[in-house]
Amino acid sequence: MLFADVSMRVTAGQRWALVGPNGAGKTTLLEIISGMQTPDEGAVRLVKGASIGYLRQEAIEMHGRTVLEETLSAAKEVLSLEQRLADLQELIASADNDAERDRFLEEWGHASERFEHAGGYSLETEARTILTGLGFKETDFTRLAEEFSGGWLMRLALAKLLLGRPEVLLLDEPTNHLDLESVVWLESFLRGYDGAMMLVSHDRAFMEGLVDHVAEVESGRFTTYAGTYGEYLAARELALDQLRTERARQDKEIAHMQEFVDRFRFKNTKSRQAQERVKRIDKIKSQLVELPEGRKKVRFSFPQPPRTGQEVITLSGVRKAYGDNVVYDALDLSLYRGDKVALVGPNGAGKSTLLKMLAGVLDPDVGGRELGVHASVAYFAQHQLEALTGSNTVYRELESEAQSWTQGQIRSLLGAFMFHGDDVDKKVSVLSGGERCRLALAKMMVEPAPLLCLDEPTNHLDVDSCDVLESALSQFGGTIVLITHDRHLIRGIANKVIDVRDGGATVIEGDYDYYLFKRSQRENASASPTKTNSAPVEGGQAKEIAPVRSAPKTREEKRREAEARNRRSKGTRELKAQVKSLDEEVSRTQARHDELVAALADQETYSDPATFEAAMVEYSEIKPRLQRLEASWIAAAEQLEAAERADEEAR
């Protein structure tokens, strides 16, 4: 029995997180809502005409279309309307009589209105925006979908769902195949989604920034909470405290009465009272509060790696290119004992390439890689899950790595990674993706290397499993370099961040929140080039430095600052002029658009085929032009706002 008596009502605009341990039935519930499974009892009811979009964890094969074409195919209604409008234009032009032409014109008017309401004129622009947000490059749009790996096809499936805008959006681990910047973009996009949403995710920061309701399924029980993910955790703990208090009171009352029964059951003068207490005990037991099973906690001391020298690994003058694409050129980088480094940056910037070069699984084209004293490397990536032996049991697979360990030690480590009881006798071939991931990580922790290189280690893990991993890495005394989209894990582990972008690697000496602060400073300073907080060094690497108090300004410095202010002022004036010009152009284009709409609504327009055709052609051109002008105006207005803010800060 996964769950029973599940009842909930989800309205438009609500964003639900569906939480619970692995195996509790989260995916099953999503499949029931989507119609892929039928419940044993009960029913799922939808508002008439509502559509459901479901992103599953498994990738779907796609063939025969480019990335952009595949994405646009999700908007079936809009595409069919576009085709019908084209057909109607031909029918109107070739109509044999006025009555037939009027009938086609009336249908064209209705179809045109629906097409505009559905966002038909901005559909391709929106598709490109979504694809870019999910990490696709402009050059990817014309590539065939089948050229991409499973992870990228999952991104493409997500793009199709977002463009289709179903009334109900079901997302099963939507962040698994995204990088950090794409996760942040997706969170922002979904915050503006006007449909209903239910998601399963292990990413606590993603859920905290997005959801306003939580549904928990655990041990057959289904409980709903109103509020953010953090508020759910607090409410859940409060409810558990109340249950524990009530259960303790019941146990105490039962024990007190049982003591009386045991003492006086066989005494004639007290037997009636004893029998009454027996009945009361039975009644309390029938109403006994059931406590949920406690979440499994790590109770294991992870082995520590051999102690290395202070400098663990060094890259010197490294160059790496794929054809004409130069990823790194003259890169210098050193990592030290105790560094726990998160690699961040946009998709395609070279994070995985850098991690592989550090791990030694990818050689640089030029330059050197040198490990420090007693340093060795262990590398973890998702594809390595396939290296597990399917015919082994979980116990045997770990034992093959820990041959000198006792049975108790092996079971303790498996328990720490949430393999309990009969779980250890499961065949590796029947394990889920999350279970395989936990087993591979457990094998890595048997004799951990002093340098761990981890590529998305939390993929397919639930929240509790992520806690296990975080605990293991927190206890680890060596050096860690990881790529992950899980901001909670980065905040819990990293004491250093390397920002990989534009062919360089900028080292931020601090945690993730400090990195965000420094990045915000750099972005603000981009409008004011005289300010900087980092010193560039050879190879594209930069080291954050503390600001130094300056001496009194010389006349020359004051002159340069005045020139900089004048340049900023000139730039601001030019932006103001650009915004004003675009505003006027938008107004003129909007006015002409409104004139055409009025003309097309006038029956006299249709009496002259040439006039009608000219109006149709101009209308089909002016709508997308208006969209582009409005987008340009918004971009220019945002630049002007940033420039004015920079001017204010400079003053």
# chains A, B, ... in the order shown; residues from 1 in each chain; ligands from 1
call {"tool": "residues_around", "arguments": {"residues": "region 213-222 of chain A", "least_positions_apart": "5", "cutoff": "6 Å", "atoms": "only C-alpha atoms", "output": "ChimeraX atom specification"}}
result
/A:2-3,16-20,24,227
call {"tool": "write_last_selection", "arguments": {"atoms": "N, CA and C atoms", "output": "PDB file, in the first residue's frame"}}
result
ATOM      1  N   LEU A   2       0.866   1.978  -1.111  1.00  0.00           N
ATOM      2  CA  LEU A   2       1.660   3.202  -1.171  1.00  0.00           C
ATOM      3  C   LEU A   2       0.979   4.330  -0.411  1.00  0.00           C
ATOM      4  N   PHE A   3      -0.318   4.543  -0.678  1.00  0.00           N
ATOM      5  CA  PHE A   3      -1.072   5.586   0.011  1.00  0.00           C
ATOM      6  C   PHE A   3      -2.553   5.316  -0.178  1.00  0.00           C
ATOM      7  N   TRP A  16       3.089  23.456  -6.043  1.00  0.00           N
ATOM      8  CA  TRP A  16       3.186  22.419  -5.021  1.00  0.00           C
ATOM      9  C   TRP A  16       4.496  21.653  -5.147  1.00  0.00           C
ATOM     10  N   ALA A  17       5.112  21.350  -4.002  1.00  0.00           N
ATOM     11  CA  ALA A  17       6.203  20.379  -3.941  1.00  0.00           C
ATOM     12  C   ALA A  17       5.632  19.076  -3.395  1.00  0.00           C
ATOM     13  N   LEU A  18       5.955  17.972  -4.049  1.00  0.00           N
ATOM     14  CA  LEU A  18       5.560  16.645  -3.575  1.00  0.00           C
ATOM     15  C   LEU A  18       6.808  15.998  -2.987  1.00  0.00           C
ATOM     16  N   VAL A  19       6.797  15.771  -1.675  1.00  0.00           N
ATOM     17  CA  VAL A  19       8.009  15.325  -0.985  1.00  0.00           C
ATOM     18  C   VAL A  19       7.765  13.992  -0.291  1.00  0.00           C
ATOM     19  N   GLY A  20       8.861  13.326   0.038  1.00  0.00           N
ATOM     20  CA  GLY A  20       8.807  12.044   0.724  1.00  0.00           C
ATOM     21  C   GLY A  20      10.017  11.226   0.346  1.00  0.00           C
ATOM     22  N   ALA A  24       8.277   6.086  -1.657  1.00  0.00           N
ATOM     23  CA  ALA A  24       7.028   6.423  -0.971  1.00  0.00           C
ATOM     24  C   ALA A  24       5.853   6.513  -1.939  1.00  0.00           C
ATOM     25  N   GLY A 227       2.299  26.923   2.476  1.00  0.00           N
ATOM     26  CA  GLY A 227       3.490  27.706   2.813  1.00  0.00           C
ATOM     27  C   GLY A 227       4.696  27.240   2.023  1.00  0.00           C
TER      28      GLY A 227
END
call {"tool": "select_by_dssp", "arguments": {"residues": "region 381-510 of chain A", "states": "helix (DSSP H, G or I)", "output": "PyMOL selection string"}}
result
chain A and resi 382-387+394-399+407-416+421-425+428-430+433-444+463-475+487-493
call {"tool": "select_by_dssp", "arguments": {"residues": "region 211-259 of chain A", "states": "strand (DSSP E)", "output": "PyMOL selection string"}}
result
chain A and resi 213-218+221-226
call {"tool": "write_last_selection", "arguments": {"atoms": "all heavy atoms", "output": "tab-separated table (two decimals), in the first residue's frame"}}
result
chain	number	residue	atom	x	y	z
A	213	HIS	N	2.99	25.55	-1.60
A	213	HIS	CA	2.29	24.46	-0.93
A	213	HIS	C	3.17	23.22	-0.97
A	213	HIS	O	3.96	23.04	-1.90
A	213	HIS	CB	0.95	24.12	-1.61
A	213	HIS	CG	-0.12	25.16	-1.41
A	213	HIS	ND1	-0.10	26.38	-2.07
A	213	HIS	CD2	-1.23	25.16	-0.61
A	213	HIS	CE1	-1.16	27.08	-1.70
A	213	HIS	NE2	-1.85	26.37	-0.81
A	214	VAL	N	3.04	22.36	0.03
A	214	VAL	CA	3.81	21.11	0.08
A	214	VAL	C	2.86	19.97	0.39
A	214	VAL	O	2.00	20.08	1.27
A	214	VAL	CB	4.92	21.17	1.15
A	214	VAL	CG1	5.65	19.83	1.25
A	214	VAL	CG2	5.92	22.28	0.83
A	215	ALA	N	3.01	18.86	-0.35
A	215	ALA	CA	2.28	17.63	-0.08
A	215	ALA	C	3.30	16.56	0.26
A	215	ALA	O	4.24	16.33	-0.51
A	215	ALA	CB	1.44	17.21	-1.28
A	216	GLU	N	3.14	15.92	1.40
A	216	GLU	CA	4.09	14.90	1.87
A	216	GLU	C	3.44	13.54	1.82
A	216	GLU	O	2.32	13.35	2.33
A	216	GLU	CB	4.53	15.22	3.29
A	216	GLU	CG	5.52	14.20	3.85
A	216	GLU	CD	5.80	14.44	5.33
A	216	GLU	OE1	4.87	14.22	6.15
A	216	GLU	OE2	6.92	14.86	5.66
A	217	VAL	N	4.11	12.59	1.19
A	217	VAL	CA	3.66	11.20	1.19
A	217	VAL	C	4.75	10.36	1.85
A	217	VAL	O	5.90	10.38	1.43
A	217	VAL	CB	3.33	10.70	-0.24
A	217	VAL	CG1	4.49	10.88	-1.19
A	217	VAL	CG2	2.88	9.25	-0.20
A	218	GLU	N	4.38	9.68	2.93
A	218	GLU	CA	5.36	8.90	3.69
A	218	GLU	C	4.63	7.85	4.51
A	218	GLU	O	3.64	8.14	5.18
A	218	GLU	CB	6.17	9.81	4.61
A	218	GLU	CG	7.23	9.06	5.42
A	218	GLU	CD	8.08	9.98	6.27
A	218	GLU	OE1	7.70	11.15	6.44
A	218	GLU	OE2	9.12	9.53	6.77
A	221	ARG	N	0.89	7.63	4.53
A	221	ARG	CA	0.11	8.82	4.91
A	221	ARG	C	0.36	9.95	3.91
A	221	ARG	O	1.45	10.06	3.35
A	221	ARG	CB	0.51	9.30	6.31
A	221	ARG	CG	0.00	8.39	7.42
A	221	ARG	CD	0.38	8.96	8.79
A	221	ARG	NE	1.82	8.99	8.96
A	221	ARG	CZ	2.53	7.96	9.42
A	221	ARG	NH1	1.93	6.84	9.76
A	221	ARG	NH2	3.84	8.06	9.55
A	222	PHE	N	-0.65	10.78	3.73
A	222	PHE	CA	-0.58	11.91	2.81
A	222	PHE	C	-1.02	13.15	3.56
A	222	PHE	O	-2.13	13.23	4.07
A	222	PHE	CB	-1.49	11.67	1.60
A	222	PHE	CG	-1.37	12.72	0.53
A	222	PHE	CD1	-0.38	12.65	-0.43
A	222	PHE	CD2	-2.27	13.77	0.47
A	222	PHE	CE1	-0.27	13.61	-1.42
A	222	PHE	CE2	-2.17	14.74	-0.51
A	222	PHE	CZ	-1.17	14.65	-1.46
A	223	THR	N	-0.12	14.14	3.66
A	223	THR	CA	-0.38	15.35	4.43
A	223	THR	C	-0.05	16.57	3.59
A	223	THR	O	0.97	16.59	2.89
A	223	THR	CB	0.48	15.38	5.71
A	223	THR	OG1	0.40	14.11	6.37
A	223	THR	CG2	0.00	16.46	6.66
A	224	THR	N	-0.89	17.59	3.65
A	224	THR	CA	-0.65	18.81	2.89
A	224	THR	C	-0.36	19.97	3.84
A	224	THR	O	-0.88	20.03	4.95
A	224	THR	CB	-1.85	19.16	2.00
A	224	THR	OG1	-3.01	19.35	2.81
A	224	THR	CG2	-2.11	18.06	0.98
A	225	TYR	N	0.46	20.88	3.36
A	225	TYR	CA	0.85	22.07	4.13
A	225	TYR	C	0.76	23.29	3.21
A	225	TYR	O	1.15	23.22	2.03
A	225	TYR	CB	2.29	21.96	4.64
A	225	TYR	CG	2.56	20.78	5.54
A	225	TYR	CD1	2.83	19.52	5.00
A	225	TYR	CD2	2.59	20.93	6.93
A	225	TYR	CE1	3.09	18.43	5.83
A	225	TYR	CE2	2.86	19.85	7.76
A	225	TYR	CZ	3.10	18.61	7.20
A	225	TYR	OH	3.37	17.53	8.02
A	226	ALA	N	0.28	24.40	3.72
A	226	ALA	CA	0.29	25.67	2.99
A	226	ALA	C	1.51	26.47	3.44
A	226	ALA	O	1.74	26.64	4.63
A	226	ALA	CB	-0.99	26.46	3.26
call {"tool": "residues_around", "arguments": {"residues": "region 30-44 of chain A", "least_positions_apart": "5", "cutoff": "8 Å", "atoms": "only C-alpha atoms", "output": "PyMOL selection string"}}
result
chain A and resi 52-54+170
call {"tool": "closest_residue", "arguments": {"among": "A:Leu482, A:Val326, A:Met1, A:Val341", "to": "Ile508 (chain A)", "atoms": "only C-alpha atoms"}}
result
A:Val341
call {"tool": "residues_around", "arguments": {"residues": "Val463 (chain A)", "least_positions_apart": "6", "cutoff": "10 Å", "atoms": "only C-alpha atoms", "output": "count of residues only"}}
result
9
call {"tool": "residues_around", "arguments": {"residues": "Leu315 (chain A)", "least_positions_apart": "3", "cutoff": "7 Å", "atoms": "only C-alpha atoms", "output": "count of residues only"}}
result
7
call {"tool": "residues_around", "arguments": {"residues": "Gly360 (chain A)", "least_positions_apart": "2", "cutoff": "10 Å", "atoms": "only C-alpha atoms", "output": "list in words"}}
result
Leu354, Leu355, Lys356, Met357, Leu358, Leu362, Asp363, Pro364, Arg369, Glu370, Leu371, Ser376, Val377, Ala378, Tyr379 and Cys453 of chain A
call {"tool": "write_last_selection", "arguments": {"atoms": "all heavy atoms", "output": "short mmCIF file (atom, residue, chain, number, x, y, z; two decimals), in the first residue's frame"}}
result
data_model
loop_
_atom_site.label_atom_id
_atom_site.label_comp_id
_atom_site.auth_asym_id
_atom_site.auth_seq_id
_atom_site.Cartn_x
_atom_site.Cartn_y
_atom_site.Cartn_z
N LEU A 354 37.42 21.36 -17.08
CA LEU A 354 38.37 21.65 -16.01
C LEU A 354 38.38 20.53 -14.98
O LEU A 354 39.46 20.10 -14.53
CB LEU A 354 38.01 22.98 -15.35
CG LEU A 354 38.89 23.42 -14.18
CD1 LEU A 354 40.36 23.48 -14.59
CD2 LEU A 354 38.43 24.77 -13.63
N LEU A 355 37.20 20.03 -14.60
CA LEU A 355 37.13 18.96 -13.61
C LEU A 355 37.84 17.70 -14.12
O LEU A 355 38.58 17.05 -13.37
CB LEU A 355 35.67 18.65 -13.27
CG LEU A 355 35.45 17.68 -12.12
CD1 LEU A 355 35.82 18.33 -10.79
CD2 LEU A 355 33.99 17.20 -12.07
N LYS A 356 37.64 17.38 -15.38
CA LYS A 356 38.27 16.18 -15.95
C LYS A 356 39.78 16.34 -16.03
O LYS A 356 40.53 15.38 -15.81
CB LYS A 356 37.69 15.89 -17.34
CG LYS A 356 36.26 15.38 -17.31
CD LYS A 356 35.71 15.20 -18.72
CE LYS A 356 34.27 14.72 -18.69
NZ LYS A 356 33.70 14.61 -20.06
N MET A 357 40.25 17.55 -16.33
CA MET A 357 41.70 17.76 -16.35
C MET A 357 42.28 17.65 -14.95
O MET A 357 43.37 17.09 -14.75
CB MET A 357 42.03 19.10 -16.99
CG MET A 357 41.81 19.15 -18.49
SD MET A 357 42.54 20.59 -19.33
CE MET A 357 41.59 21.92 -18.61
N LEU A 358 41.57 18.19 -13.96
CA LEU A 358 42.03 18.04 -12.58
C LEU A 358 42.05 16.58 -12.16
O LEU A 358 42.96 16.13 -11.45
CB LEU A 358 41.13 18.84 -11.64
CG LEU A 358 41.24 20.37 -11.70
CD1 LEU A 358 40.12 21.03 -10.93
CD2 LEU A 358 42.59 20.83 -11.16
N LEU A 362 41.24 13.63 -18.56
CA LEU A 362 41.35 14.37 -19.82
C LEU A 362 42.68 15.12 -19.80
O LEU A 362 42.97 15.85 -18.85
CB LEU A 362 40.18 15.36 -19.96
CG LEU A 362 40.11 16.18 -21.24
CD1 LEU A 362 39.85 15.28 -22.45
CD2 LEU A 362 39.02 17.24 -21.14
N ASP A 363 43.47 14.93 -20.84
CA ASP A 363 44.78 15.57 -20.90
C ASP A 363 44.66 16.94 -21.55
O ASP A 363 43.94 17.11 -22.55
CB ASP A 363 45.76 14.71 -21.71
CG ASP A 363 46.09 13.41 -21.02
OD1 ASP A 363 46.12 13.40 -19.77
OD2 ASP A 363 46.28 12.39 -21.72
N PRO A 364 45.38 17.93 -21.04
CA PRO A 364 45.42 19.24 -21.72
C PRO A 364 46.21 19.13 -23.02
O PRO A 364 47.06 18.24 -23.17
CB PRO A 364 46.11 20.14 -20.71
CG PRO A 364 46.94 19.22 -19.87
CD PRO A 364 46.18 17.92 -19.81
N ARG A 369 50.16 19.21 -15.53
CA ARG A 369 49.33 18.89 -14.36
C ARG A 369 50.22 18.15 -13.38
O ARG A 369 50.81 17.12 -13.72
CB ARG A 369 48.14 18.02 -14.76
CG ARG A 369 47.38 17.39 -13.58
CD ARG A 369 46.28 16.47 -14.12
NE ARG A 369 45.55 15.80 -13.06
CZ ARG A 369 45.87 14.62 -12.53
NH1 ARG A 369 46.97 13.99 -12.97
NH2 ARG A 369 45.15 14.08 -11.57
N GLU A 370 50.31 18.65 -12.16
CA GLU A 370 51.20 18.04 -11.18
C GLU A 370 50.47 17.85 -9.86
O GLU A 370 49.89 18.79 -9.32
CB GLU A 370 52.44 18.93 -10.96
CG GLU A 370 53.46 18.30 -10.03
CD GLU A 370 54.71 19.15 -9.88
OE1 GLU A 370 54.81 20.18 -10.59
OE2 GLU A 370 55.57 18.80 -9.04
N LEU A 371 50.48 16.59 -9.37
CA LEU A 371 49.90 16.27 -8.07
C LEU A 371 50.93 16.52 -6.98
O LEU A 371 52.13 16.31 -7.18
CB LEU A 371 49.43 14.82 -8.03
CG LEU A 371 48.19 14.47 -8.87
CD1 LEU A 371 47.98 12.96 -8.90
CD2 LEU A 371 46.96 15.16 -8.33
N SER A 376 46.38 11.67 -4.54
CA SER A 376 45.79 10.84 -5.58
C SER A 376 44.36 11.31 -5.78
O SER A 376 43.82 12.06 -4.96
CB SER A 376 45.83 9.35 -5.21
OG SER A 376 45.11 9.13 -4.00
N VAL A 377 43.73 10.86 -6.86
CA VAL A 377 42.44 11.42 -7.26
C VAL A 377 41.40 10.33 -7.42
O VAL A 377 41.69 9.24 -7.93
CB VAL A 377 42.57 12.19 -8.60
CG1 VAL A 377 41.26 12.90 -8.95
CG2 VAL A 377 43.70 13.20 -8.54
N ALA A 378 40.16 10.62 -7.00
CA ALA A 378 38.99 9.79 -7.32
C ALA A 378 38.00 10.67 -8.06
O ALA A 378 37.75 11.82 -7.66
CB ALA A 378 38.36 9.23 -6.05
N TYR A 379 37.44 10.13 -9.16
CA TYR A 379 36.54 10.90 -10.01
C TYR A 379 35.18 10.23 -10.05
O TYR A 379 35.07 9.03 -10.25
CB TYR A 379 37.14 10.97 -11.42
CG TYR A 379 36.26 11.64 -12.45
CD1 TYR A 379 35.91 12.98 -12.35
CD2 TYR A 379 35.81 10.92 -13.57
CE1 TYR A 379 35.11 13.59 -13.31
CE2 TYR A 379 35.02 11.53 -14.52
CZ TYR A 379 34.67 12.85 -14.40
OH TYR A 379 33.88 13.45 -15.35
N CYS A 453 36.94 14.49 -7.09
CA CYS A 453 36.38 15.30 -8.17
C CYS A 453 34.99 14.75 -8.49
O CYS A 453 34.87 13.61 -8.97
CB CYS A 453 37.27 15.24 -9.41
SG CYS A 453 38.90 15.99 -9.17
#
